[in-house]
file entry.txt (compact mmCIF, C-alpha atoms)
# COMPACT_ATOMS: atom_id res chain seq x y z
CA MET A 1 -17.16 -4.64 18.59
CA SER A 2 -13.91 -2.98 19.62
CA PRO A 3 -13.58 0.52 18.13
CA THR A 4 -10.16 -0.39 16.77
CA ARG A 5 -11.25 -3.63 15.14
CA LEU A 6 -11.49 -3.61 11.35
CA GLU A 7 -13.27 -5.96 9.00
CA PRO A 8 -11.01 -7.31 6.27
CA LEU A 9 -11.08 -5.50 2.93
CA SER A 10 -13.05 -7.05 0.11
CA LEU A 11 -10.99 -9.01 -2.42
CA GLU A 12 -11.77 -6.46 -5.13
CA ALA A 13 -10.63 -3.52 -2.99
CA GLU A 14 -7.53 -5.47 -1.97
CA ARG A 15 -6.72 -6.14 -5.62
CA LEU A 16 -7.24 -2.51 -6.62
CA PHE A 17 -5.12 -1.18 -3.76
CA ALA A 18 -2.34 -3.67 -4.47
CA ASN A 19 -2.29 -2.47 -8.06
CA GLU A 20 -2.38 1.15 -6.94
CA ARG A 21 0.83 0.67 -4.96
CA THR A 22 2.70 -0.05 -8.20
CA TRP A 23 2.11 3.35 -9.75
CA GLU A 24 4.76 4.40 -12.27
CA PRO A 25 7.18 7.22 -11.44
CA GLN A 26 6.43 10.74 -12.59
CA SER A 27 7.71 11.98 -15.91
CA GLY A 28 11.28 13.24 -15.98
CA GLU A 29 10.20 16.66 -17.22
CA LEU A 30 7.79 17.25 -14.38
CA ARG A 31 10.38 16.12 -11.88
CA SER A 32 12.99 18.33 -13.46
CA ARG A 33 10.80 21.43 -13.40
CA ALA A 34 9.56 20.83 -9.86
CA LEU A 35 13.06 20.34 -8.49
CA ALA A 36 14.27 23.45 -10.31
CA ARG A 37 11.42 25.46 -8.77
CA ALA A 38 12.18 24.09 -5.33
CA ARG A 39 15.84 24.94 -5.72
CA ALA A 40 15.00 28.46 -6.93
CA ALA A 41 12.68 28.96 -3.95
CA LEU A 42 15.50 28.06 -1.59
CA GLU A 43 17.97 30.28 -3.40
CA ASN A 44 15.78 33.37 -3.50
CA GLY A 45 14.38 32.86 -0.01
CA SER A 46 10.74 32.68 -1.10
CA VAL A 47 10.13 29.73 1.24
CA ALA A 48 10.06 32.25 4.07
CA ALA A 49 7.01 33.97 2.63
CA PRO A 50 4.09 31.56 2.48
CA SER A 51 1.97 32.00 -0.59
CA TYR A 52 -1.19 31.86 1.52
CA ALA A 53 -0.02 33.86 4.48
CA TRP A 54 -2.47 35.67 6.76
CA GLY A 55 -1.51 39.04 5.31
CA ARG A 56 -2.65 38.00 1.89
CA HIS A 57 -5.77 36.42 3.31
CA ARG A 58 -6.57 39.60 5.18
CA VAL A 59 -6.35 41.66 2.00
CA GLN A 60 -8.58 39.17 0.21
CA LEU A 61 -11.10 39.23 3.06
CA LEU A 62 -11.17 43.04 3.06
CA LEU A 63 -11.70 43.09 -0.69
CA ALA A 64 -14.47 40.51 -0.43
CA ALA A 65 -16.17 42.44 2.39
CA THR A 66 -15.99 45.66 0.37
CA LEU A 67 -17.49 43.96 -2.66
CA VAL A 68 -20.30 42.48 -0.56
CA LEU A 69 -21.11 45.91 0.88
CA VAL A 70 -21.10 47.57 -2.54
CA PHE A 71 -23.31 44.83 -3.95
CA ALA A 72 -25.73 45.04 -1.02
CA ALA A 73 -25.97 48.83 -1.36
CA ALA A 74 -26.58 48.58 -5.10
CA SER A 75 -29.22 45.87 -4.62
CA PHE A 76 -30.97 47.94 -1.98
CA ALA A 77 -30.99 51.01 -4.20
CA ALA A 78 -32.34 48.99 -7.14
CA PHE A 79 -35.00 47.42 -4.94
CA ARG A 80 -36.16 50.81 -3.71
CA LYS A 81 -36.28 52.16 -7.23
CA LEU A 82 -38.38 49.20 -8.33
CA ARG A 83 -40.77 49.56 -5.40
CA THR A 84 -41.32 53.25 -6.02
CA GLY A 85 -41.41 53.15 -9.81
CA ALA A 86 -43.22 49.84 -10.44
CA ARG A 87 -46.63 50.98 -11.69
CA PRO A 88 -48.36 49.13 -14.51
CA ALA A 89 -47.59 50.82 -17.80
CA ARG A 90 -50.49 51.56 -20.09
CA LEU A 91 -50.41 50.40 -23.65
CA GLY A 92 -48.54 52.94 -25.71
CA SER A 93 -47.02 54.56 -22.69
CA PRO A 94 -43.50 55.91 -23.25
CA ALA A 95 -42.02 53.34 -20.89
CA LEU A 96 -43.51 50.41 -22.78
CA VAL A 97 -42.63 51.82 -26.17
CA GLU A 98 -39.08 52.40 -25.02
CA GLY A 99 -39.05 48.84 -23.68
CA SER A 100 -40.14 47.37 -27.01
CA ARG A 101 -37.60 49.49 -28.82
CA LEU A 102 -34.95 48.12 -26.56
CA SER A 103 -36.11 44.56 -27.17
CA ALA A 104 -36.11 45.16 -30.88
CA ARG A 105 -32.58 46.44 -30.70
CA ALA A 106 -31.41 43.68 -28.42
CA PRO A 107 -29.36 40.98 -30.12
CA ALA A 108 -31.12 37.75 -30.89
CA PRO A 109 -30.39 35.07 -28.30
CA ALA A 110 -27.69 32.65 -29.28
CA MET A 111 -28.80 29.23 -30.51
CA GLU A 112 -29.23 26.78 -27.70
CA PRO A 113 -26.36 24.37 -27.48
CA LEU A 114 -27.07 20.70 -27.86
CA GLY A 115 -26.99 18.15 -25.08
CA ARG A 116 -26.78 19.08 -21.45
CA GLU A 117 -26.95 22.81 -21.99
CA LYS A 118 -30.23 22.33 -23.82
CA SER A 119 -31.70 20.30 -20.99
CA ASP A 120 -30.58 23.06 -18.60
CA SER A 121 -32.75 25.58 -20.42
CA THR A 122 -35.65 23.12 -20.42
CA GLU A 123 -35.22 22.76 -16.72
CA THR A 124 -35.27 26.51 -16.25
CA ALA A 125 -38.42 26.83 -18.31
CA ALA A 126 -40.08 24.05 -16.32
CA ARG A 127 -39.18 25.76 -13.08
CA GLU A 128 -40.66 29.01 -14.34
CA ARG A 129 -44.00 27.41 -15.33
CA PRO A 130 -46.17 26.77 -12.29
CA GLY A 131 -47.68 23.31 -12.37
CA ALA A 132 -45.28 22.07 -15.02
CA PRO A 133 -43.98 18.53 -14.50
CA ALA A 134 -40.68 18.27 -12.68
CA ALA A 135 -37.66 18.48 -14.96
CA PRO A 136 -35.52 15.36 -15.26
CA ARG A 137 -32.68 15.13 -12.80
CA ARG A 138 -29.49 16.69 -14.10
CA PRO A 139 -26.73 14.07 -14.30
CA SER A 140 -24.42 14.36 -11.33
CA ALA A 141 -20.65 14.60 -11.66
CA SER A 142 -20.29 10.93 -10.79
CA ASP A 143 -22.89 9.97 -13.44
CA ALA A 144 -20.91 11.91 -16.00
CA ASP A 145 -17.69 10.24 -14.84
CA ALA A 146 -19.25 6.82 -15.19
CA LEU A 147 -20.58 7.70 -18.64
CA GLU A 148 -17.21 8.99 -19.80
CA LEU A 149 -15.42 6.00 -18.40
CA GLY A 150 -18.06 3.69 -19.90
CA LEU A 151 -17.63 5.09 -23.40
CA LEU A 152 -13.89 4.66 -23.27
CA GLN A 153 -14.25 1.18 -21.81
CA ARG A 154 -16.48 0.39 -24.77
CA ALA A 155 -13.82 1.68 -27.13
CA ARG A 156 -11.17 -0.32 -25.34
CA GLY A 157 -13.30 -3.49 -25.40
CA ALA A 158 -13.89 -3.08 -29.12
CA LEU A 159 -10.18 -2.59 -29.72
CA ALA A 160 -9.46 -5.75 -27.78
CA LYS A 161 -11.82 -7.65 -30.05
CA GLY A 162 -10.26 -6.11 -33.14
CA ASP A 163 -13.49 -4.23 -33.92
CA PHE A 164 -11.78 -0.95 -34.76
CA SER A 165 -14.86 0.63 -36.38
CA ALA A 166 -16.88 0.12 -33.21
CA ALA A 167 -14.00 1.50 -31.20
CA LEU A 168 -13.86 4.60 -33.37
CA GLY A 169 -17.64 4.94 -33.00
CA ALA A 170 -17.36 4.97 -29.20
CA ILE A 171 -14.50 7.46 -29.42
CA THR A 172 -16.55 9.74 -31.70
CA GLU A 173 -19.48 9.43 -29.32
CA HIS A 174 -17.23 10.42 -26.42
CA GLN A 175 -15.97 13.42 -28.37
CA ARG A 176 -19.52 14.49 -29.19
CA ARG A 177 -20.75 14.20 -25.60
CA PHE A 178 -17.60 15.24 -23.77
CA PRO A 179 -15.55 17.42 -26.14
CA SER A 180 -13.56 18.79 -23.19
CA GLY A 181 -14.09 15.71 -21.05
CA ARG A 182 -11.74 14.79 -18.31
CA LEU A 183 -10.62 11.73 -20.17
CA ARG A 184 -9.96 13.48 -23.47
CA GLU A 185 -6.30 12.60 -23.30
CA GLU A 186 -7.12 8.89 -23.10
CA ARG A 187 -9.73 9.29 -25.84
CA GLU A 188 -7.20 10.79 -28.23
CA ALA A 189 -4.73 8.03 -27.43
CA LEU A 190 -7.36 5.40 -28.20
CA ARG A 191 -8.20 7.22 -31.42
CA VAL A 192 -4.66 6.76 -32.70
CA LYS A 193 -4.85 3.09 -31.91
CA ALA A 194 -8.23 2.64 -33.61
CA LEU A 195 -7.12 4.48 -36.75
CA LEU A 196 -4.00 2.34 -36.93
CA GLY A 197 -6.14 -0.77 -36.59
CA LEU A 198 -8.32 0.40 -39.49
CA GLY A 199 -5.23 0.95 -41.62
CA ARG A 200 -5.90 4.71 -41.82
CA THR A 201 -2.25 5.39 -41.24
CA ASP A 202 -2.15 8.99 -42.42
CA GLU A 203 -5.01 9.96 -40.15
CA ALA A 204 -3.38 8.05 -37.30
CA GLN A 205 -0.14 9.95 -37.87
CA ARG A 206 -1.98 13.26 -37.84
CA ALA A 207 -3.93 12.26 -34.73
CA GLY A 208 -0.63 11.27 -33.12
CA GLU A 209 0.89 14.66 -33.94
CA ARG A 210 -2.12 16.45 -32.51
CA PHE A 211 -1.84 14.31 -29.39
CA ARG A 212 1.80 15.26 -28.92
CA ASP A 213 0.95 18.95 -29.40
CA ARG A 214 -1.93 18.90 -26.94
CA PHE A 215 -0.45 16.62 -24.31
CA PRO A 216 3.32 16.96 -24.59
CA GLU A 217 3.87 15.64 -21.07
CA SER A 218 1.44 12.77 -21.21
CA VAL A 219 2.65 9.43 -19.92
CA LEU A 220 0.99 7.99 -23.02
CA ALA A 221 3.09 10.07 -25.43
CA PRO A 222 5.95 7.55 -25.76
CA ARG A 223 3.46 4.76 -26.57
CA ILE A 224 1.78 6.93 -29.19
CA GLU A 225 5.14 7.77 -30.69
CA ASP A 226 6.08 4.12 -30.74
CA ALA A 227 2.77 2.98 -32.24
CA THR A 228 2.77 5.55 -35.05
CA ARG A 229 6.42 4.92 -35.83
CA LYS A 230 5.81 1.20 -36.23
CA ALA A 231 2.85 1.81 -38.53
CA PRO A 232 3.46 0.74 -42.13
CA MET B 1 23.63 12.30 -11.64
CA SER B 2 20.97 12.97 -14.22
CA SER B 3 20.16 16.41 -15.58
CA VAL B 4 17.19 16.64 -13.28
CA GLU B 5 19.31 16.47 -10.17
CA VAL B 6 20.82 19.57 -8.64
CA ALA B 7 24.31 20.65 -9.54
CA PRO B 8 26.82 19.93 -6.72
CA THR B 9 27.88 23.57 -6.44
CA LEU B 10 24.34 24.66 -5.82
CA VAL B 11 23.78 21.91 -3.29
CA SER B 12 26.87 22.90 -1.41
CA ALA B 13 25.69 26.52 -1.41
CA MET B 14 22.57 25.50 0.50
CA ALA B 15 22.54 25.47 4.27
CA THR B 16 22.61 22.00 5.83
CA ASP B 17 18.95 22.15 6.81
CA GLU B 18 17.90 23.29 3.38
CA ARG B 19 19.96 20.59 1.78
CA SER B 20 18.44 17.82 3.89
CA CYS B 21 14.97 19.22 3.22
CA PHE B 22 15.65 19.36 -0.51
CA ASP B 23 17.06 15.82 -0.45
CA ALA B 24 13.95 14.53 1.32
CA PHE B 25 11.72 16.29 -1.20
CA GLN B 26 13.72 14.88 -4.09
CA ARG B 27 13.69 11.38 -2.62
CA GLU B 28 9.95 11.40 -1.96
CA PHE B 29 8.94 13.35 -5.05
CA ASP B 30 7.10 10.46 -6.71
CA TYR B 31 5.34 9.59 -3.48
CA LEU B 32 4.19 13.18 -3.07
CA CYS B 33 2.87 13.39 -6.62
CA ARG B 34 1.00 10.12 -6.20
CA THR B 35 -0.44 11.29 -2.89
CA LEU B 36 -1.65 14.54 -4.40
CA ARG B 37 -3.37 12.68 -7.22
CA ARG B 38 -5.00 10.29 -4.77
CA LEU B 39 -6.23 13.23 -2.74
CA GLY B 40 -7.94 14.55 -5.85
CA VAL B 41 -5.51 17.06 -7.36
CA PRO B 42 -5.95 17.05 -11.16
CA ALA B 43 -2.91 15.96 -13.15
CA ASP B 44 -2.35 19.43 -14.59
CA GLU B 45 -2.27 20.96 -11.09
CA VAL B 46 0.17 18.51 -9.52
CA GLU B 47 3.23 20.56 -10.38
CA ASP B 48 1.94 23.68 -8.60
CA GLN B 49 0.63 21.77 -5.61
CA VAL B 50 3.79 19.75 -5.11
CA HIS B 51 5.63 23.06 -5.06
CA GLU B 52 3.25 24.31 -2.35
CA VAL B 53 4.06 21.17 -0.38
CA PHE B 54 7.75 21.90 -0.77
CA LEU B 55 7.33 25.49 0.45
CA VAL B 56 5.52 24.32 3.58
CA LEU B 57 8.03 21.53 4.12
CA ALA B 58 10.94 23.95 3.84
CA ARG B 59 9.38 26.31 6.36
CA LYS B 60 8.62 23.55 8.84
CA TRP B 61 11.65 21.38 8.27
CA ARG B 62 13.31 22.36 11.54
CA GLU B 63 10.22 21.21 13.45
CA TYR B 64 10.37 17.77 11.89
CA ASP B 65 11.60 15.05 14.26
CA ALA B 66 13.99 12.99 12.14
CA SER B 67 13.44 9.94 14.34
CA ARG B 68 9.86 9.75 13.06
CA PRO B 69 8.95 8.27 9.67
CA LEU B 70 8.92 10.89 6.96
CA ARG B 71 5.99 9.81 4.80
CA PRO B 72 3.19 10.34 7.33
CA TYR B 73 4.66 13.79 7.98
CA LEU B 74 4.71 14.57 4.26
CA PHE B 75 1.21 13.21 3.87
CA GLY B 76 -0.01 15.54 6.62
CA ILE B 77 1.44 18.52 4.75
CA ALA B 78 0.03 17.33 1.43
CA PHE B 79 -3.39 16.84 3.02
CA ARG B 80 -3.46 20.43 4.29
CA VAL B 81 -2.23 21.80 0.98
CA VAL B 82 -4.96 19.89 -0.85
CA ALA B 83 -7.60 21.10 1.61
CA ALA B 84 -6.51 24.70 0.88
CA PHE B 85 -6.48 23.97 -2.85
CA ARG B 86 -10.01 22.59 -2.66
CA ARG B 87 -11.24 25.66 -0.85
CA LYS B 88 -10.05 27.65 -3.84
CA HIS B 89 -11.46 25.23 -6.43
CA ARG B 90 -14.77 24.13 -5.01
CA ARG B 91 -15.63 21.76 -7.79
CA GLU B 92 -13.34 18.81 -7.72
CA ARG B 93 -12.40 17.25 -10.99
CA PRO B 94 -12.10 13.51 -11.01
CA SER B 95 -8.95 11.76 -11.88
CA GLU B 96 -7.57 11.06 -15.27
CA LEU B 97 -7.47 7.56 -16.58
CA ALA B 98 -3.90 6.92 -17.60
CA GLU B 99 -4.11 4.22 -20.17
CA PRO B 100 -0.93 3.21 -21.92
CA VAL B 101 -1.45 2.66 -25.61
CA ASP B 102 0.02 -0.37 -27.20
CA SER B 103 0.58 -0.86 -30.89
CA ARG B 104 -0.95 -4.33 -30.61
CA PRO B 105 -4.73 -4.48 -30.62
CA ARG B 106 -4.96 -6.71 -27.55
CA PRO B 107 -4.90 -5.16 -24.09
CA ASP B 108 -1.99 -6.24 -21.97
CA GLU B 109 -1.38 -6.28 -18.24
CA ALA B 110 -0.06 -2.72 -18.19
CA LEU B 111 -3.23 -1.47 -19.81
CA GLU B 112 -5.42 -3.34 -17.33
CA ALA B 113 -3.34 -1.96 -14.47
CA ALA B 114 -3.71 1.59 -15.79
CA PHE B 115 -7.48 1.19 -16.02
CA ALA B 116 -7.58 -0.19 -12.48
CA ARG B 117 -5.62 2.86 -11.31
CA GLY B 118 -8.06 5.12 -13.11
CA LEU B 119 -10.90 3.33 -11.38
CA VAL B 120 -9.25 3.75 -7.97
CA LEU B 121 -8.68 7.47 -8.53
CA SER B 122 -12.26 7.97 -9.73
CA ALA B 123 -13.67 6.03 -6.79
CA LEU B 124 -11.47 7.94 -4.34
CA THR B 125 -12.98 11.21 -5.52
CA GLN B 126 -16.33 9.94 -4.19
CA VAL B 127 -14.93 9.66 -0.66
CA PRO B 128 -14.86 12.97 1.26
CA LEU B 129 -11.33 14.28 1.73
CA PRO B 130 -10.95 13.80 5.51
CA ARG B 131 -11.93 10.12 5.23
CA ARG B 132 -10.09 9.65 1.94
CA ALA B 133 -6.85 10.73 3.60
CA VAL B 134 -7.18 8.03 6.24
CA LEU B 135 -8.10 5.42 3.64
CA VAL B 136 -5.15 6.24 1.39
CA MET B 137 -2.67 6.28 4.27
CA HIS B 138 -3.93 3.05 5.80
CA ASP B 139 -4.95 0.87 2.87
CA ILE B 140 -2.67 2.08 0.09
CA ASP B 141 0.37 3.46 1.90
CA GLU B 142 -0.02 0.79 4.59
CA MET B 143 0.78 3.11 7.47
CA PRO B 144 -0.10 2.19 11.06
CA MET B 145 -3.16 3.97 12.44
CA ARG B 146 -1.19 5.63 15.21
CA GLU B 147 1.07 7.40 12.71
CA ILE B 148 -1.93 8.37 10.61
CA THR B 149 -3.82 9.95 13.48
CA GLU B 150 -0.68 11.71 14.62
CA ALA B 151 -0.02 13.16 11.17
CA LEU B 152 -3.63 14.27 10.73
CA ALA B 153 -4.04 15.38 14.35
CA LEU B 154 -6.97 13.04 15.00
CA PRO B 155 -8.02 10.94 18.01
CA LEU B 156 -7.26 7.26 17.42
CA PHE B 157 -10.87 6.11 17.47
CA THR B 158 -11.84 8.83 15.00
CA GLY B 159 -9.18 7.45 12.66
CA TYR B 160 -10.72 3.99 12.83
CA SER B 161 -14.27 5.20 12.37
CA ARG B 162 -13.24 7.32 9.39
CA LEU B 163 -11.48 4.34 7.86
CA ARG B 164 -14.50 2.06 8.25
CA LYS B 165 -16.79 4.60 6.64
CA ALA B 166 -14.29 5.45 3.89
CA ARG B 167 -13.96 1.76 2.98
CA ARG B 168 -17.71 1.44 2.61
CA GLU B 169 -17.85 4.59 0.47
CA PHE B 170 -14.94 3.47 -1.68
CA GLU B 171 -16.38 0.03 -2.32
CA ALA B 172 -19.78 1.49 -3.17
CA ALA B 173 -18.14 3.94 -5.57
CA VAL B 174 -16.18 1.14 -7.26
CA LYS B 175 -19.36 -0.88 -7.72
CA ALA B 176 -21.22 2.14 -9.12
CA LEU B 177 -18.41 2.95 -11.53
CA GLN B 178 -18.11 -0.65 -12.67
CA LYS B 179 -21.86 -0.84 -13.15
CA GLY B 180 -21.80 2.35 -15.17
CA THR B 181 -18.98 1.10 -17.37
CA LYS B 182 -20.48 -2.23 -18.35
CA GLU B 183 -20.56 -2.61 -22.04
CA PRO B 184 -24.06 -2.39 -23.50
call {"tool": "encode", "arguments": {"input": "entry.txt", "output": "structure tokens"}}
result
Amino acid sequence: MSPTRLEPLSLEAERLFANERTWEPQSGELRSRALARARAALENGSVAAPSYAWGRHRVQLLLAATLVLVFAAASFAAFRKLRTGARPARLGSPALVEGSRLSARAPAPAMEPLGREKSDSTETAARERPGAPAAPRRPSASDADALELGLLQRARGALAKGDFSAALGAITEHQRRFPSGRLREEREALRVKALLGLGRTDEAQRAGERFRDRFPESVLAPRIEDATRKAP
Amino acid sequence: MSSVEVAPTLVSAMATDERSCFDAFQREFDYLCRTLRRLGVPADEVEDQVHEVFLVLARKWREYDASRPLRPYLFGIAFRVVAAFRRKHRRERPSELAEPVDSRPRPDEALEAAFARGLVLSALTQVPLPRRAVLVMHDIDEMPMREITEALALPLFTGYSRLRKARREFEAAVKALQKGTKEP
């Protein structure tokens, strides 16, 4: 096959790319700010000084090298101290007693968070126990993306069917699993819609206000505004 | 002229080169923002990164050959800015899913289109940046391969091989995302 010959795109990819070419323009505010910054950069001559110039890189490299050296020296000193001072302490020896006093004074460990953080600690414990069964695979970033997307798709599907309770359930589930998820903006927009569908107008209004506070530049903000304004 | 445009007095105060550079940036602003998003810049970082693109563009504007198409040139700058950005932020965040909300309970075409765009951005994040750049330029921006390889400083055959691989990766990512989003 010729190295410059290409197979045709799949119909699905063709459809997605065709849709992608129709992306909406950026918000006026973003455009306004960016153009103002560009204009200011021209006016004050800051375009002549690149923000990632070699000079700045050199300083950063020197700092990093210094830190590495300091860390290496400290680690070496600690290692030597451990090697020379690591003798088994007898029961009741001052070192052990001091150690238990320290543990007694040490603050209690914080409660383990739910969800992924909890499985992290389980994984750590499993790693530390020789012969323990392998810990379950930690979900990758793409798994998490798919899960987030899936929950919101579920909410969207339920909204389409008019099943607003199910939609709100999926939204709540998303909030529980991904409180700071990457699709939180979309989640909050769907929440307004679900609450409106359930006739919980006051809550929808409040959710709409929170949305506007948290995502003032969202492309969804005008739709939220419109939807809550039309609510009875 | 809308409020977002530059006041005439300020424009006239700029040197001719600066003015033409600023005009090009203003004209292609939406394209640049879209490109940055497709290359994996999170929505809340676009403003800073598009400014970085402008700074590089302004410094290099005199080197730009005006007889050549502008977009591949801009894409090349955006690509390098994003590569630098990624070196700073090792963990890439996937794209947002911009879903317009409608007061009616039924999804409309705009909503479907927004979800499809979200899917494209998510799938693109699964394609490594050097191949993603070729894919976006060729299959979304519909640029000829010669211009792409010129803008990215690649041999022609490398451009084609990257595109073939990127297409496979993109299609696999779309399938995986769609599989993961099936309703239970």
call {"tool": "residues_near_point", "arguments": {"input": "entry.txt", "point": "(1.4, -0.8, 0.8)", "cutoff": "9 Å", "atoms": "only C-alpha atoms", "output": "VMD selection string"}}
result
(chain A and resid 17 to 18 20 to 21) or (chain B and resid 137 to 143)
call {"tool": "residues_near_point", "arguments": {"input": "entry.txt", "point": "(-3.1, 13.3, 3.1)", "cutoff": "9 Å", "atoms": "all atoms listed in the file", "output": "PyMOL selection string"}}
result
chain B and resi 35-36+38-39+72+74-82+129-130+132-134+136-137+151-152
call {"tool": "interface_residues", "arguments": {"input": "entry.txt", "of": "chain A", "to": "chain B", "cutoff": "6 Å", "atoms": "all atoms listed in the file", "output": "PyMOL selection string"}}
result
chain A and resi 4+17+20+25-26+32+47+146+150+154+159-160+183+220+223+227
call {"tool": "atom_distance", "arguments": {"input": "entry.txt", "atom1": "atom CA of Ala65 of chain A", "atom2": "atom CA of Leu82 of chain A"}}
result
25.6 Å
call {"tool": "atom_distance", "arguments": {"input": "entry.txt", "atom1": "atom CA of Thr149 of chain B", "atom2": "atom CA of Asp17 of chain B"}}
result
26.7 Å
